[in-house]
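Since the structure comes first, as structure tokens, the remarks are kept for the end.
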Amino acid sequence: MKYIFLGSFFVLLLSSFGTWLAKPGQSTDKPVLYWVTDPNPVRSSQVDAFHEWMKDNIPKEDHYELRVDSANNNKSKKIIQSVSGVGGDIMDIATASGDMQYFRQMNIIHDLTDLAKEMGFGVDKTYASVAPALQVDGHQYMFPCNVYANMYWVNLKTLEEFNIQLPKDSWTFADFERTALRLRENAKKKFPEMRHNRYFLASHIEEQTMMRNWGIDYMNETLTDSMANHPAFEKTLALKHKWTYDLHILPSSADRASIDSSEATHGGSGPALFRSGNFAMHLSGRWALTQFRQWKPDPQAESQESKPGRPWFSEMKVAILPPPHDGYQNTTAGSRAAVMYSGYDQRRKKLAAYFFKFLASKSYNLTIVDSADAIPPTPEFTELEEYKNPAKYPNEKGIHEAYSNALKEYGILMTHSPFISASYVKTEFGNASESVMAVPSKYSPEEAAQIAYEQISKRIQQNLIENAGLNPLYKKLKKDQETIDALKAAGKKIPRALIKNRFYLGYYEAKGMLE
């Protein structure tokens, strides 16, 4: 098995190297740097903006050509190319993935701290809530290409059709259930021939947002253990199961499949079903507009009396609503951020650094303002009138500001533990949810939560064996966790310095639990 693995690795290595050699421009005199990113259509206009910005902001002797490489925007390919010495000069990474921490341990990304100070793209240029996700031990490794906060898009026409009032921003889980039930009943009355529920208040609701309402995150305060076996996670799983299979107010997989989703795109069927009115609300970031703005009329749907028509997005009446909460308003936030490959010489790194400077510039931020590719990485550009109320899209008034306000006021990014991959933790929580939501359920909420907890605990212990240098920090933080647990049990306040998980700092401060 070992030889099979090694053989496969070297085949991929040679393939990646061949791909790199085949890139056009490798043999030209003019420097060509590559930006490994997703295939979003707006990337080409962003590259054009960089080349234009370069004319006035980079010494002529440092001018170069930037090209997008979307073919290798895959974690495995990034790793294989990087360890083989031909990584992308600039690579995009989601802060929620934890890949930055992993790449740093592999020593394949460059410490940007000094370059950021010199060229003006330090963490002070972005949001305070985002800054911690860009650093490790005070050293900066990333700068955002954009940031996001998840909110509900609301199709006001659908609410009007089923005689539903737009909920208030302060709505609770009880409000969500009551409103969703009313929409379901009104849909039955309007379409009595409908055999199965085809109209829902919302496409889905995020489990992490629900858990945080009840005071827990994926990991504990010191990031030494998961909270998968906490009653709040079990409560979350049980409530989602109830809403999906008992009350039928959240769509199951079968519900989604039974509804026409012929317009499904890279965003799945959710956006199309939001447009058609089957989902009154769709949970997403501001970046959904890059798809929404491309919607065109569907004459066939317009001619069918059995379902609402599909208008131009500019003709739709829409609003933005935060997720429901039970006393602690929050939403999932994150960033698509850039890292710099560490394998090239200082000259090439200096050239790449100009792109990071560009990300903090007015020129780049205006491309985000105009394209709606999530939220601009630099906060000052969310105060512009063209961001708040774009003249070309009058029906978007108030939407953009709602997103940036949510990010600043109650958006919470993923906190990463030094002892386990964030992606592994998210996967195990997701596996628990899938086992409960299966038909029939594979496990009860309590059983699924316990299995997730055991799997994460095993992985942490395995990581401590493989990375013995982590043990002193782990032992220290475990003692801190014992202190925190004792203080909580005694109803005493907790010193801020003991808490390493950013979620608990915000939650405990809101609840008056910090010294």
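In the structure tokens, the first chain shown is A, the next is B, and so on; residue numbers restart at 1 for each chain, and ligands run from 1 in the order shown.
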
Write out as number ranges by chain each polymer residue whose atoms come within 8 Å of Asn73 in chain A, counting only C-alpha atoms; drop sequence neighbours fewer than 5 positions from it.
-> A: 36-38, 78, 91-92

Can you check which residues of range 300-463 of chain A DSSP gives as helix (DSSP H, G or I) on the backbone and send them as a VMD selection string?
-> chain A and resid 300 to 302 313 to 315 346 to 359 362 to 371 379 to 383 385 to 388 394 to 396 399 to 410 422 to 437 445 to 463

Got time to write the residues from that selection, C-alpha atoms, as a PDB file, in the first residue's frame?
```pdb
ATOM      1  CA  GLN A 300     -42.282  29.558 -19.898  1.00  0.00           C
ATOM      2  CA  ALA A 301     -42.604  30.010 -16.151  1.00  0.00           C
ATOM      3  CA  GLU A 302     -44.518  33.251 -16.622  1.00  0.00           C
ATOM      4  CA  PHE A 313     -33.798  40.328 -10.419  1.00  0.00           C
ATOM      5  CA  SER A 314     -34.001  44.096 -10.855  1.00  0.00           C
ATOM      6  CA  GLU A 315     -37.800  43.708 -10.884  1.00  0.00           C
ATOM      7  CA  GLN A 346      12.950  37.472  -2.810  1.00  0.00           C
ATOM      8  CA  ARG A 347      12.569  39.264  -6.136  1.00  0.00           C
ATOM      9  CA  ARG A 348       9.479  37.275  -7.045  1.00  0.00           C
ATOM     10  CA  LYS A 349       8.038  37.677  -3.537  1.00  0.00           C
ATOM     11  CA  LYS A 350       8.441  41.443  -3.800  1.00  0.00           C
ATOM     12  CA  LEU A 351       6.498  41.403  -7.075  1.00  0.00           C
ATOM     13  CA  ALA A 352       3.762  39.267  -5.509  1.00  0.00           C
ATOM     14  CA  ALA A 353       3.564  41.680  -2.565  1.00  0.00           C
ATOM     15  CA  TYR A 354       2.348  44.426  -4.910  1.00  0.00           C
ATOM     16  CA  PHE A 355      -0.816  42.377  -5.440  1.00  0.00           C
ATOM     17  CA  PHE A 356      -1.470  42.310  -1.697  1.00  0.00           C
ATOM     18  CA  LYS A 357      -1.010  46.081  -1.640  1.00  0.00           C
ATOM     19  CA  PHE A 358      -3.541  46.234  -4.479  1.00  0.00           C
ATOM     20  CA  LEU A 359      -6.062  44.268  -2.375  1.00  0.00           C
ATOM     21  CA  LYS A 362      -9.235  51.903  -3.606  1.00  0.00           C
ATOM     22  CA  SER A 363      -8.964  50.419  -7.113  1.00  0.00           C
ATOM     23  CA  TYR A 364      -9.482  46.851  -5.940  1.00  0.00           C
ATOM     24  CA  ASN A 365     -12.117  47.628  -3.328  1.00  0.00           C
ATOM     25  CA  LEU A 366     -14.192  49.436  -5.933  1.00  0.00           C
ATOM     26  CA  THR A 367     -14.237  46.258  -8.032  1.00  0.00           C
ATOM     27  CA  ILE A 368     -15.851  44.514  -5.042  1.00  0.00           C
ATOM     28  CA  VAL A 369     -18.261  47.404  -4.520  1.00  0.00           C
ATOM     29  CA  ASP A 370     -19.322  47.280  -8.162  1.00  0.00           C
ATOM     30  CA  SER A 371     -19.414  43.501  -8.704  1.00  0.00           C
ATOM     31  CA  PRO A 379     -14.117  48.856   5.784  1.00  0.00           C
ATOM     32  CA  GLU A 380     -14.019  52.480   4.599  1.00  0.00           C
ATOM     33  CA  PHE A 381     -15.408  51.461   1.202  1.00  0.00           C
ATOM     34  CA  THR A 382     -18.633  50.215   2.754  1.00  0.00           C
ATOM     35  CA  GLU A 383     -19.378  53.846   3.632  1.00  0.00           C
ATOM     36  CA  GLU A 385     -22.820  55.867  -1.502  1.00  0.00           C
ATOM     37  CA  GLU A 386     -22.137  53.643  -4.519  1.00  0.00           C
ATOM     38  CA  TYR A 387     -21.790  50.714  -2.127  1.00  0.00           C
ATOM     39  CA  LYS A 388     -24.869  51.478  -0.061  1.00  0.00           C
ATOM     40  CA  PRO A 394     -32.493  50.675  -7.154  1.00  0.00           C
ATOM     41  CA  ASN A 395     -34.168  47.548  -5.740  1.00  0.00           C
ATOM     42  CA  GLU A 396     -30.974  46.809  -3.763  1.00  0.00           C
ATOM     43  CA  ILE A 399     -29.191  45.484   1.221  1.00  0.00           C
ATOM     44  CA  HIS A 400     -25.476  46.200   1.014  1.00  0.00           C
ATOM     45  CA  GLU A 401     -25.377  48.204   4.210  1.00  0.00           C
ATOM     46  CA  ALA A 402     -27.219  45.412   6.033  1.00  0.00           C
ATOM     47  CA  TYR A 403     -24.456  42.982   5.087  1.00  0.00           C
ATOM     48  CA  SER A 404     -21.536  45.170   6.153  1.00  0.00           C
ATOM     49  CA  ASN A 405     -23.308  46.161   9.389  1.00  0.00           C
ATOM     50  CA  ALA A 406     -23.908  42.495  10.223  1.00  0.00           C
ATOM     51  CA  LEU A 407     -20.227  41.703   9.669  1.00  0.00           C
ATOM     52  CA  LYS A 408     -19.122  44.562  11.902  1.00  0.00           C
ATOM     53  CA  GLU A 409     -21.709  44.071  14.642  1.00  0.00           C
ATOM     54  CA  TYR A 410     -22.332  40.338  15.055  1.00  0.00           C
ATOM     55  CA  ALA A 422     -10.906  23.120  11.502  1.00  0.00           C
ATOM     56  CA  SER A 423     -12.054  21.246   8.417  1.00  0.00           C
ATOM     57  CA  TYR A 424     -11.939  17.940  10.320  1.00  0.00           C
ATOM     58  CA  VAL A 425     -14.020  19.400  13.152  1.00  0.00           C
ATOM     59  CA  LYS A 426     -16.608  20.793  10.718  1.00  0.00           C
ATOM     60  CA  THR A 427     -16.742  17.449   8.916  1.00  0.00           C
ATOM     61  CA  GLU A 428     -17.495  15.509  12.094  1.00  0.00           C
ATOM     62  CA  PHE A 429     -20.218  17.944  13.148  1.00  0.00           C
ATOM     63  CA  GLY A 430     -21.608  17.648   9.624  1.00  0.00           C
ATOM     64  CA  ASN A 431     -21.501  13.845   9.774  1.00  0.00           C
ATOM     65  CA  ALA A 432     -23.482  13.942  13.009  1.00  0.00           C
ATOM     66  CA  SER A 433     -26.114  16.135  11.396  1.00  0.00           C
ATOM     67  CA  GLU A 434     -26.371  13.942   8.291  1.00  0.00           C
ATOM     68  CA  SER A 435     -26.820  10.782  10.378  1.00  0.00           C
ATOM     69  CA  VAL A 436     -29.714  12.366  12.277  1.00  0.00           C
ATOM     70  CA  MET A 437     -31.305  13.820   9.132  1.00  0.00           C
ATOM     71  CA  PRO A 445     -29.178  13.341  18.288  1.00  0.00           C
ATOM     72  CA  GLU A 446     -27.521  12.161  21.510  1.00  0.00           C
ATOM     73  CA  GLU A 447     -25.819   9.207  19.803  1.00  0.00           C
ATOM     74  CA  ALA A 448     -24.658  11.255  16.821  1.00  0.00           C
ATOM     75  CA  ALA A 449     -23.274  13.994  19.051  1.00  0.00           C
ATOM     76  CA  GLN A 450     -21.348  11.497  21.157  1.00  0.00           C
ATOM     77  CA  ILE A 451     -19.835   9.808  18.104  1.00  0.00           C
ATOM     78  CA  ALA A 452     -18.677  13.179  16.761  1.00  0.00           C
ATOM     79  CA  TYR A 453     -17.161  14.030  20.128  1.00  0.00           C
ATOM     80  CA  GLU A 454     -15.256  10.743  20.300  1.00  0.00           C
ATOM     81  CA  GLN A 455     -13.937  11.073  16.746  1.00  0.00           C
ATOM     82  CA  ILE A 456     -12.668  14.602  17.336  1.00  0.00           C
ATOM     83  CA  SER A 457     -11.111  13.624  20.676  1.00  0.00           C
ATOM     84  CA  LYS A 458      -9.266  10.707  19.054  1.00  0.00           C
ATOM     85  CA  ARG A 459      -7.907  12.962  16.323  1.00  0.00           C
ATOM     86  CA  ILE A 460      -6.664  15.511  18.872  1.00  0.00           C
ATOM     87  CA  GLN A 461      -4.819  12.815  20.798  1.00  0.00           C
ATOM     88  CA  GLN A 462      -3.340  11.424  17.588  1.00  0.00           C
ATOM     89  CA  ASN A 463      -2.144  14.877  16.593  1.00  0.00           C
TER      90      ASN A 463
END
```

Name the closest residue to Glu509 in chain A among the candidates A:Ser335, A:His139, A:Ala438, A:Tyr328; distances are taken between atoms, counting only C-alpha atoms.
->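 For Glu509 in chain A, the nearest of the given residues is A:Tyr328.
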
Picked from range 149-227 of chain A by DSSP as strand (DSSP E), as a list in words |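 Answer for range 149-227 of chain A restricted to strand (DSSP E) is Ala149, Met151, Tyr152, Trp153, Val154, Asn155, Phe200, Leu201 and Ala202 of chain A.
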
Would you output that residue set with C-alpha atoms, as an mmCIF file, in the first residue's frame?
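Below is the file that was written, result-v1.cif:
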```cif
data_model
loop_
_atom_site.group_PDB
_atom_site.id
_atom_site.type_symbol
_atom_site.label_atom_id
_atom_site.label_comp_id
_atom_site.auth_asym_id
_atom_site.auth_seq_id
_atom_site.Cartn_x
_atom_site.Cartn_y
_atom_site.Cartn_z
ATOM 1 C CA ALA A 149 -21.507 37.437 6.551
ATOM 2 C CA MET A 151 -27.883 36.703 5.920
ATOM 3 C CA TYR A 152 -31.312 35.792 4.572
ATOM 4 C CA TRP A 153 -32.351 37.196 1.218
ATOM 5 C CA VAL A 154 -36.125 37.700 1.392
ATOM 6 C CA ASN A 155 -38.422 37.471 -1.622
ATOM 7 C CA PHE A 200 -41.008 26.978 2.551
ATOM 8 C CA LEU A 201 -40.092 30.034 4.556
ATOM 9 C CA ALA A 202 -36.340 29.360 4.327
#
```

Given only C-alpha atoms as the counted atoms, nearest of A:Phe191, A:Phe50, A:Tyr64, A:Tyr102 to Asp29 in chain A = A:Tyr64

Atom pair CA of Leu498 in chain A / CA of Trp214 in chain A: separation (Å) =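 That distance, rounded to one decimal, is 20.8 Å.
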